[in-house]
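Visitor: Contents of run.json (JSON, C-alpha atoms):
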[["chain", "number", "residue", "atom", "x", "y", "z"],
["A", 1, "MET", "CA", -109.48, -39.99, -18.85],
["A", 2, "PRO", "CA", -112.37, -40.11, -16.39],
["A", 3, "ASP", "CA", -115.82, -38.82, -17.46],
["A", 4, "ASP", "CA", -116.38, -36.65, -14.37],
["A", 5, "PRO", "CA", -114.57, -33.29, -14.69],
["A", 6, "LEU", "CA", -113.54, -33.37, -11.03],
["A", 7, "ASP", "CA", -112.11, -36.87, -11.46],
["A", 8, "ALA", "CA", -110.11, -35.71, -14.47],
["A", 9, "PHE", "CA", -108.78, -32.72, -12.54],
["A", 10, "THR", "CA", -107.78, -34.73, -9.47],
["A", 11, "THR", "CA", -106.09, -37.35, -11.66],
["A", 12, "ASN", "CA", -104.07, -34.61, -13.39],
["A", 13, "LEU", "CA", -103.23, -33.03, -10.05],
["A", 14, "ALA", "CA", -101.98, -36.22, -8.40],
["A", 15, "ARG", "CA", -100.12, -37.32, -11.52],
["A", 16, "ARG", "CA", -98.26, -34.00, -11.73],
["A", 17, "ARG", "CA", -97.38, -34.01, -8.02],
["A", 18, "ARG", "CA", -96.01, -37.55, -8.22],
["A", 19, "ALA", "CA", -94.07, -36.79, -11.42],
["A", 20, "LEU", "CA", -92.30, -34.01, -9.55],
["A", 21, "GLY", "CA", -91.67, -36.31, -6.59],
["A", 22, "LEU", "CA", -93.44, -33.95, -4.21],
["A", 23, "SER", "CA", -95.45, -34.78, -1.12],
["A", 24, "GLN", "CA", -98.85, -33.26, -0.49],
["A", 25, "GLU", "CA", -97.23, -31.34, 2.36],
["A", 26, "ALA", "CA", -94.64, -29.80, 0.02],
["A", 27, "VAL", "CA", -97.27, -28.74, -2.52],
["A", 28, "ALA", "CA", -99.48, -27.29, 0.20],
["A", 29, "ALA", "CA", -96.60, -25.29, 1.66],
["A", 30, "ALA", "CA", -95.63, -23.93, -1.76],
["A", 31, "ALA", "CA", -99.27, -23.02, -2.42],
["A", 32, "THR", "CA", -99.57, -21.39, 1.03],
["A", 33, "MET", "CA", -102.39, -23.58, 2.26],
["A", 34, "ASP", "CA", -102.95, -26.17, 4.92],
["A", 35, "GLN", "CA", -101.99, -29.71, 3.94],
["A", 36, "SER", "CA", -105.48, -30.96, 4.81],
["A", 37, "GLN", "CA", -106.99, -28.44, 2.38],
["A", 38, "TYR", "CA", -104.68, -29.59, -0.41],
["A", 39, "SER", "CA", -105.47, -33.22, 0.40],
["A", 40, "ARG", "CA", -109.23, -32.57, 0.14],
["A", 41, "ILE", "CA", -108.69, -30.93, -3.26],
["A", 42, "GLU", "CA", -106.56, -33.81, -4.56],
["A", 43, "ARG", "CA", -109.11, -36.36, -3.32],
["A", 44, "GLY", "CA", -111.97, -34.48, -4.98],
["A", 45, "ARG", "CA", -113.69, -33.61, -1.70],
["A", 46, "VAL", "CA", -113.80, -29.88, -2.56],
["A", 47, "ASP", "CA", -113.71, -27.87, -5.76],
["A", 48, "PRO", "CA", -110.94, -25.28, -5.66],
["A", 49, "SER", "CA", -111.57, -21.63, -6.47],
["A", 50, "ILE", "CA", -109.80, -20.05, -9.42],
["A", 51, "ARG", "CA", -107.33, -18.40, -7.02],
["A", 52, "THR", "CA", -106.60, -21.69, -5.31],
["A", 53, "LEU", "CA", -106.24, -23.48, -8.64],
["A", 54, "THR", "CA", -103.71, -20.87, -9.73],
["A", 55, "ARG", "CA", -101.70, -21.18, -6.50],
["A", 56, "VAL", "CA", -101.65, -24.98, -6.78],
["A", 57, "ALA", "CA", -100.61, -24.83, -10.43],
["A", 58, "ARG", "CA", -97.70, -22.53, -9.53],
["A", 59, "ALA", "CA", -96.67, -24.86, -6.71],
["A", 60, "LEU", "CA", -96.66, -27.72, -9.23],
["A", 61, "ARG", "CA", -94.72, -25.65, -11.76],
["A", 62, "THR", "CA", -97.44, -25.87, -14.37],
["A", 63, "THR", "CA", -100.47, -23.94, -15.58],
["A", 64, "PRO", "CA", -104.09, -24.19, -14.55],
["A", 65, "SER", "CA", -104.92, -25.24, -18.12],
["A", 66, "GLU", "CA", -102.60, -28.25, -17.82],
["A", 67, "LEU", "CA", -104.29, -29.32, -14.61],
["A", 68, "LEU", "CA", -107.66, -28.97, -16.36],
["A", 69, "ARG", "CA", -106.56, -30.86, -19.47],
["A", 70, "GLY", "CA", -109.12, -33.40, -20.64],
["A", 71, "ILE", "CA", -112.03, -31.52, -19.14],
["A", 72, "GLY", "CA", -114.62, -30.14, -21.45]]
In structure tokens, how does this file's structure come out?
Guide:
Amino acid sequence: MPDDPLDAFTTNLARRRRALGLSQEAVAAAATMDQSQYSRIERGRVDPSIRTLTRVARALRTTPSELLRGIG
């Protein structure tokens, strides 16, 4: 697991999306956000707010704590 918390989060995020066989577009639509916003989150360009993290977790059918696993 990467040392940087943001790297760990983005790794978890991308891994979960791929495991579900979803595109970034599909996750963004389910999370009611623009695809470019989701892409910036997954690439670690922006830190999501708690609300955004929760919406993304729901879209990925998981919990925020699972997406944050390995951080801390």
Visitor: What's around A:Arg58 at 12 Å? Count all atoms listed in the file, leave out sequence neighbours fewer than 6 positions away in its own chain, and write the answer as number ranges by chain.
Guide: A: 13, 16-17, 27-32, 51-52, 64-67
Visitor: Taking only C-alpha atoms into account, which of A:Ser39, A:Arg55, A:Leu60, A:Asp47 comes nearest A:Arg15?
Guide: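 Checking each candidate against A:Arg15, we get A:Leu60 as the closest.
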Visitor: Contacts of A:Pro48 at 12 Å or less, counting only C-alpha atoms, minus same-chain residues fewer than 2 places along, as an mmCIF file with C-alpha atoms, in the coordinates of the input?
Guide:
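The new file result34.cif reads:
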data_model
loop_
_atom_site.group_PDB
_atom_site.id
_atom_site.type_symbol
_atom_site.label_atom_id
_atom_site.label_comp_id
_atom_site.auth_asym_id
_atom_site.auth_seq_id
_atom_site.Cartn_x
_atom_site.Cartn_y
_atom_site.Cartn_z
ATOM 1 C CA LEU A 6 -113.540 -33.370 -11.030
ATOM 2 C CA PHE A 9 -108.780 -32.720 -12.540
ATOM 3 C CA THR A 10 -107.780 -34.730 -9.470
ATOM 4 C CA LEU A 13 -103.230 -33.030 -10.050
ATOM 5 C CA MET A 33 -102.390 -23.580 2.260
ATOM 6 C CA GLN A 37 -106.990 -28.440 2.380
ATOM 7 C CA TYR A 38 -104.680 -29.590 -0.410
ATOM 8 C CA SER A 39 -105.470 -33.220 0.400
ATOM 9 C CA ARG A 40 -109.230 -32.570 0.140
ATOM 10 C CA ILE A 41 -108.690 -30.930 -3.260
ATOM 11 C CA GLU A 42 -106.560 -33.810 -4.560
ATOM 12 C CA ARG A 43 -109.110 -36.360 -3.320
ATOM 13 C CA GLY A 44 -111.970 -34.480 -4.980
ATOM 14 C CA ARG A 45 -113.690 -33.610 -1.700
ATOM 15 C CA VAL A 46 -113.800 -29.880 -2.560
ATOM 16 C CA ILE A 50 -109.800 -20.050 -9.420
ATOM 17 C CA ARG A 51 -107.330 -18.400 -7.020
ATOM 18 C CA THR A 52 -106.600 -21.690 -5.310
ATOM 19 C CA LEU A 53 -106.240 -23.480 -8.640
ATOM 20 C CA THR A 54 -103.710 -20.870 -9.730
ATOM 21 C CA ARG A 55 -101.700 -21.180 -6.500
ATOM 22 C CA VAL A 56 -101.650 -24.980 -6.780
ATOM 23 C CA ALA A 57 -100.610 -24.830 -10.430
ATOM 24 C CA PRO A 64 -104.090 -24.190 -14.550
ATOM 25 C CA LEU A 67 -104.290 -29.320 -14.610
ATOM 26 C CA LEU A 68 -107.660 -28.970 -16.360
#
Visitor: As an exercise, work out the distance from atom CA of A:Arg69 to atom CA of A:Asn12 in Å and give it to one decimal place.
Guide: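 For atom CA of A:Arg69 relative to atom CA of A:Asn12, the distance reads 7.6 Å.
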Visitor: Mind giving me the straight-line distance from atom CA of A:Ser36 to atom CA of A:Ala14 in Å, one decimal?
Guide: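 So the two atoms, atom CA of A:Ser36 and atom CA of A:Ala14, lie 14.6 Å apart.
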Visitor: Which is closer to A:Leu22 than all the others in A:Asp4, A:Ala59, A:Asp34, A:Ser49, using all atoms listed in the file?
Guide: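 Ranking A:Asp4, A:Ala59, A:Asp34, A:Ser49 by distance to A:Leu22, first place goes to A:Ala59.
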Visitor: Interatomic distance between atom CA of A:Asp3 and atom CA of A:Ser23?
Guide: 26.4 Å
Visitor: Counting all atoms listed in the file, which residue out of A:Pro5, A:Ala26, A:Ala19, A:Gln35 sits closest to A:Thr62?
Guide: A:Ala19
